[in-house]
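S.K.: Dropping the structure in here first, questions after.
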Amino acid sequence: MIRIAATSGAVALTFVSAMVPMAGMGPPEECEPGEIIKCGIGRDGTYVGLSQEQTRNLRKSYPPGRGPENPERWYEYVAVIACSGNDPHFPDRVHCEYATTYCEERQPGSSGPYSYIYRRIVDDDGNEGAYESVAPTCYRSDVPPRSGEPVKELTEEMIIEQFHQTDFALPSMSIEPPDGRTLVNLPVFYEAVWPEEGYEPDEIDTTDIIGFEVRIRPVLESATYHFGDGNSIGPTDSLGGPYPDGDVTHEYAEAATVEPYITVIFGGEVSVDGSAWTTIPGSVSVDGPLNPLEILTSSNQLFD
Amino acid sequence: MLTLLAAGALLAGCGGDAEPADPPTSQDPLPTSDDSPTTAAPSTDAPSDDVVETSSAPDVSETTEASGPPELPDEATEDSEAGAEAFAVHYVELMNYAAMAPDDELIGPLATDGCDTCAGFEGMMASYVNAKERAAGPLVDVGESRAREVGEETIVFLESVEKKPATLSADGATATESGDSTPFTMVLTVTFDEGQWLVSEIQVQQ
């Protein structure tokens with residue numbers, strides 16, 4: 001199972017130390033007298049924020065005199081994206097390139113964006129203290145909601161289930177000759193048509209799953225055209241087309257009333273909290289509606 | 001000053017050109033009775049190295065040794081955020097004293113074996129001792145400070161200034177000139193174990 005504690009870009013949940021740059025290879029250099037900053041940077045490194053583990057461990061901290069055994073008061077945490085215009089009451093109102101690139105450059109693999117963690121004391125009576133700053137972090141999605149509560153994780157299973165629940169558009173057919181009638185041995189042209197209802201390929205379905213903004217984008221993997229007489233074309237990635245250039249055509253050999261339809265295989269891509277698009281494992285098969293078609297014969301008659 | 005609560009034009013949605021927010025200072029945006037009070041670093045006894053205009057530098061060593069190393073305050077033995085903060089400030093004070101004494105055995109017992117920067121600072125003190133030299137003043141001035149518990153660790157943020165004092169030889173002559181001061185934040189990770197705090201990591205934020 002892949003765990004996605006996602007915001008921008010990252011999928012992995014491996015621990016990343018809050019050190020940038022890492023101390024170089026070989027023994028550390030001597031610290032020259034008076035060179036405090038240089039010594040610190042060359043040894044334990046530049047501070048860029050809490051590590052992933054530290055961020056998650058915030059859930060273990062309680063106000064003085066309180067703990068898991070007597071949690072009448074607890075810390076409530078909020079991660080404020082480091083862009084002007086955000087504050088603890090509106091923590092993600094504004095997104096900026098600075099906050100995204102800061103983490104991509106200094107803590108690759110972190111979820112980002114760069115955020116300042118704030119906390120306030122809340123008690124059983126609903127009293128809320130003022131917010132106070134804690135520390136910065138690039139692991140915004142790992143910030144727990146409060147003391148004693150771990151961060152909820154968005155799993156791949158949740159995303160796959162949501163994908164399967166997507167209201168996919170059901171493709172119907174545009175058939176030429178029109179009006180639901182054609183002749184034996186006459187080429188019939190088929191074209192897939194997406195209705196207004198439902199999500200067609202590249203149309204984004206946005207939902208909220210346990211507080212994560214999840215965007216799912218259907219991808220057309222293939223279409224199979226069933227002609228209603230036992231014959232079909234596909235799987236193909238063609239959507240067909242009208243006379244005379246369409247590449248999905250069929251000739252009926254006998255008069256009959258048939259009900260051609262299209263089967264579409266949808267793949268999907270997902271983006272969580274604005275992260276890059278990634279492929280969803282698996283696919284969904286949907287059948288479009290039936291399109292009644294009357295196959296007629298023609299006969300020649302001479303009139304005086 | 002914290003600017004995250006600033007009004008003004010707000011950029012809705014994904015504003016790629018939105019300004020980064022200023023980092024919060026150790027001062028809280030709103031007052032609360034639950035806040036730990038910030039602690040200003042106590043001044044050291046050693047005089048500044050640019051105050052006395054004589055032909056030779058003042059004999060700081062005698063003054064420093066006479067006053068002895070700073071004692072660990074009682075608060076610095078408490079298992080609390082305030083205790084961690086007091087301990088971290090004491091560590092820096094002790095380092096300043098060690099550089100001016102000089103003494104290369106004072107700060108080692110306050111750190112874990114895994115603290116690389118601490119080992120670097122110890123080496124720095126040993127450099128003074130081996131060269132028979134000392135710092136003419138404190139290495140670091142500490143201003144605002146705050147400590148935040150993160151599970152089993154506590155992170156202490158010290159708003160600091162690197163002083164780059166002159167280095168004096170045994171006879172009080174100036175061995176190296178003083179340098180420019182530089183503000184920075186010293187970030188100490190401390191852990192409480194068997195009744196005492198220890199420094200496990202010191203990083204720098206600029």
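Letters A, B, ... go to the chains of the structure tokens in the order shown; residues in each chain start at 1; ligands are counted from 1 in the same order.
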Which residues, written as a ChimeraX atom specification, have at least one atom at most 10 Å from Ala131 of chain B, with only C-alpha atoms counted and residues fewer than 4 positions away on the same chain left out?
M.R.: /B:126-127,169-170
S.K.: Write out as a ChimeraX atom specification which residues come within 7 Å of Val258 of chain A when counting only C-alpha atoms, dropping same-chain ones fewer than 3 positions away.
M.R.: /A:228-229,292-294
S.K.: Using only C-alpha atoms, which residues of chain A come within 6 Å of chain B, and what is the closest atom pair for each, with the distance in Å to one decimal? Give it as CSV, sorted by chain and residue number.
M.R.:
residue,atom,partner,partner_atom,distance
A:Cys31,CA,B:Gly120,CA,5.5
A:Pro33,CA,B:Met124,CA,5.3
A:Gly34,CA,B:Lys164,CA,5.1
A:Gly40,CA,B:Thr117,CA,5.4
A:Arg43,CA,B:Thr117,CA,5.1
A:Asp44,CA,B:Gln203,CA,5.4
A:Gly45,CA,B:Gln203,CA,5.3
A:Thr46,CA,B:Val204,CA,4.9
A:Tyr47,CA,B:Gln205,CA,5.1
A:Gln54,CA,B:Val150,CA,6.0
A:Asn57,CA,B:Gly151,CA,4.8
A:Leu58,CA,B:Val150,CA,4.9
A:Lys60,CA,B:Gly151,CA,4.9
A:Ser61,CA,B:Gly151,CA,5.4
A:Ala82,CA,B:Ala21,CA,4.9
A:Cys83,CA,B:Pro20,CA,4.1
A:Ser84,CA,B:Ala21,CA,4.2
A:Gly85,CA,B:Leu10,CA,5.8
A:Asn86,CA,B:Leu4,CA,5.5
A:Asp87,CA,B:Leu4,CA,5.1
A:His95,CA,B:Cys14,CA,5.0
A:Cys96,CA,B:Gly16,CA,4.9
A:Glu97,CA,B:Gly16,CA,5.2
A:Tyr98,CA,B:Pro20,CA,5.9
A:Ala130,CA,B:Thr32,CA,5.6
A:Glu132,CA,B:Asp28,CA,5.2
S.K.: If we count only C-alpha atoms and set the cut-off at 12 Å, which residues sit around segment 151-159 of chain A, ignoring sequence neighbours fewer than 3 positions away in its own chain? Please answer as JSON, numbers by chain.
M.R.: {"A": [1, 2, 3, 4, 5, 6, 7, 11, 12, 13, 52, 53, 55, 56, 57, 58, 59, 60, 77, 78, 139, 140, 141, 142, 143, 144, 145, 146, 147, 148, 162, 163, 164, 165, 166, 206, 207, 208, 209, 210, 211, 212, 213, 214, 215, 216, 217, 268, 269, 270, 271, 272, 273, 278, 279, 280, 281, 282]}
S.K.: Excluding same-chain residues fewer than 5 positions from Leu110 of chain B, what lies within 10 Å of it counting only C-alpha atoms, as an MDAnalysis selection string?
M.R.: chainID B and resid 87:88 90:91 94 118 190 196:200
S.K.: Atoms to include: C-alpha atoms. Write the selected residues as a JSON list (two decimals), in the first residue's frame.
M.R.:
[["chain", "number", "residue", "atom", "x", "y", "z"],
["B", 87, "PHE", "CA", 19.36, 25.76, 29.84],
["B", 88, "ALA", "CA", 20.04, 26.77, 26.26],
["B", 90, "HIS", "CA", 23.08, 29.00, 29.99],
["B", 91, "TYR", "CA", 24.94, 26.87, 27.43],
["B", 94, "LEU", "CA", 29.06, 29.13, 29.45],
["B", 118, "CYS", "CA", 28.90, 21.15, 20.14],
["B", 190, "VAL", "CA", 17.74, 19.67, 23.67],
["B", 196, "GLN", "CA", 19.22, 17.23, 33.23],
["B", 197, "TRP", "CA", 19.08, 18.84, 29.83],
["B", 198, "LEU", "CA", 21.60, 18.04, 27.14],
["B", 199, "VAL", "CA", 22.19, 19.65, 23.77],
["B", 200, "SER", "CA", 21.90, 17.13, 20.93]]
S.K.: Between atom CA of Leu220 of chain A and atom CA of Thr236 of chain A, what distance in Å does the model show, to one decimal?
M.R.: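 Taking atom CA of Leu220 of chain A as the start and atom CA of Thr236 of chain A as the end point, the length is 10.0 Å.
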S.K.: Using DSSP on the backbone, list every residue of segment 20-220 of chain A that comes out as alpha helix (DSSP H), and give them as number ranges by chain.
M.R.: A: 36-42, 52-57, 97-106, 156-164
S.K.: How many Å separate atom CA of Gly126 of chain A from atom CA of Phe90 of chain A?
M.R.: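 Going from atom CA of Gly126 of chain A over to atom CA of Phe90 of chain A covers 20.0 Å.
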S.K.: Separation of atom CA of Lys38 of chain A and atom CA of Ser160 of chain B, in Å?
M.R.: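 Pair atom CA of Lys38 of chain A / atom CA of Ser160 of chain B returns 14.0 Å.
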S.K.: Fewer than 4 positions away in the same chain doesn't count, so skip those; otherwise give me all residues within 10 Å of Thr137 of chain A, counting only C-alpha atoms, as number ranges by chain.
M.R.: A: 18, 48-52, 54-55, 79-82, 103, 107, 110-117, 141-143
S.K.: Could you pull the residues within 6 Å of segment 195-199 of chain A, counting only C-alpha atoms, minus those fewer than 3 positions along the same chain, as a PyMOL selection string?
M.R.: chain A and resi 167-169+203
S.K.: So that I can check the surroundings of segment 182-187 of chain A, please list as a PDB file with N, CA and C atoms, in the first residue's frame every protein, DNA and RNA residue that reaches within 8 Å of it, counting only C-alpha atoms and ignoring chain neighbours fewer than 4 positions away.
M.R.:
ATOM      1  N   PRO A 177     -25.284   7.264 -41.937  1.00  0.00           N
ATOM      2  CA  PRO A 177     -26.399   8.191 -42.134  1.00  0.00           C
ATOM      3  C   PRO A 177     -27.187   8.445 -40.854  1.00  0.00           C
ATOM      4  N   PRO A 178     -27.762   9.627 -40.717  1.00  0.00           N
ATOM      5  CA  PRO A 178     -28.467   9.979 -39.488  1.00  0.00           C
ATOM      6  C   PRO A 178     -29.875   9.407 -39.445  1.00  0.00           C
ATOM      7  N   THR A 249     -15.899   2.592 -39.112  1.00  0.00           N
ATOM      8  CA  THR A 249     -17.027   2.360 -40.023  1.00  0.00           C
ATOM      9  C   THR A 249     -17.408   0.894 -40.012  1.00  0.00           C
ATOM     10  N   HIS A 250     -18.641   0.622 -40.462  1.00  0.00           N
ATOM     11  CA  HIS A 250     -19.117  -0.767 -40.527  1.00  0.00           C
ATOM     12  C   HIS A 250     -20.198  -0.877 -41.581  1.00  0.00           C
ATOM     13  N   GLU A 251     -20.255  -2.014 -42.261  1.00  0.00           N
ATOM     14  CA  GLU A 251     -21.324  -2.299 -43.223  1.00  0.00           C
ATOM     15  C   GLU A 251     -22.133  -3.482 -42.715  1.00  0.00           C
ATOM     16  N   TYR A 252     -23.432  -3.306 -42.707  1.00  0.00           N
ATOM     17  CA  TYR A 252     -24.300  -4.386 -42.239  1.00  0.00           C
ATOM     18  C   TYR A 252     -24.684  -5.295 -43.428  1.00  0.00           C
ATOM     19  N   ALA A 253     -24.654  -6.582 -43.226  1.00  0.00           N
ATOM     20  CA  ALA A 253     -24.888  -7.553 -44.315  1.00  0.00           C
ATOM     21  C   ALA A 253     -26.358  -7.903 -44.475  1.00  0.00           C
ATOM     22  N   GLU A 254     -27.119  -7.704 -43.383  1.00  0.00           N
ATOM     23  CA  GLU A 254     -28.525  -8.119 -43.442  1.00  0.00           C
ATOM     24  C   GLU A 254     -29.397  -7.042 -42.823  1.00  0.00           C
ATOM     25  N   ALA A 255     -30.635  -7.035 -43.276  1.00  0.00           N
ATOM     26  CA  ALA A 255     -31.605  -6.114 -42.687  1.00  0.00           C
ATOM     27  C   ALA A 255     -31.894  -6.558 -41.256  1.00  0.00           C
ATOM     28  N   LEU A 293     -30.736   1.375 -34.357  1.00  0.00           N
ATOM     29  CA  LEU A 293     -30.429   1.616 -35.770  1.00  0.00           C
ATOM     30  C   LEU A 293     -31.169   0.565 -36.609  1.00  0.00           C
ATOM     31  N   GLU A 294     -31.910   1.038 -37.575  1.00  0.00           N
ATOM     32  CA  GLU A 294     -32.671   0.138 -38.437  1.00  0.00           C
ATOM     33  C   GLU A 294     -31.901  -0.070 -39.731  1.00  0.00           C
ATOM     34  N   ILE A 295     -31.619  -1.347 -40.053  1.00  0.00           N
ATOM     35  CA  ILE A 295     -30.895  -1.676 -41.281  1.00  0.00           C
ATOM     36  C   ILE A 295     -31.928  -2.099 -42.324  1.00  0.00           C
ATOM     37  N   LEU A 296     -31.951  -1.396 -43.438  1.00  0.00           N
ATOM     38  CA  LEU A 296     -32.961  -1.641 -44.459  1.00  0.00           C
ATOM     39  C   LEU A 296     -32.306  -2.146 -45.730  1.00  0.00           C
ATOM     40  N   THR A 297     -33.143  -2.824 -46.542  1.00  0.00           N
ATOM     41  CA  THR A 297     -32.699  -3.191 -47.887  1.00  0.00           C
ATOM     42  C   THR A 297     -33.351  -2.262 -48.877  1.00  0.00           C
ATOM     43  N   SER A 298     -32.723  -2.145 -50.015  1.00  0.00           N
ATOM     44  CA  SER A 298     -33.325  -1.316 -51.055  1.00  0.00           C
ATOM     45  C   SER A 298     -33.595  -2.179 -52.272  1.00  0.00           C
TER      46      SER A 298
END
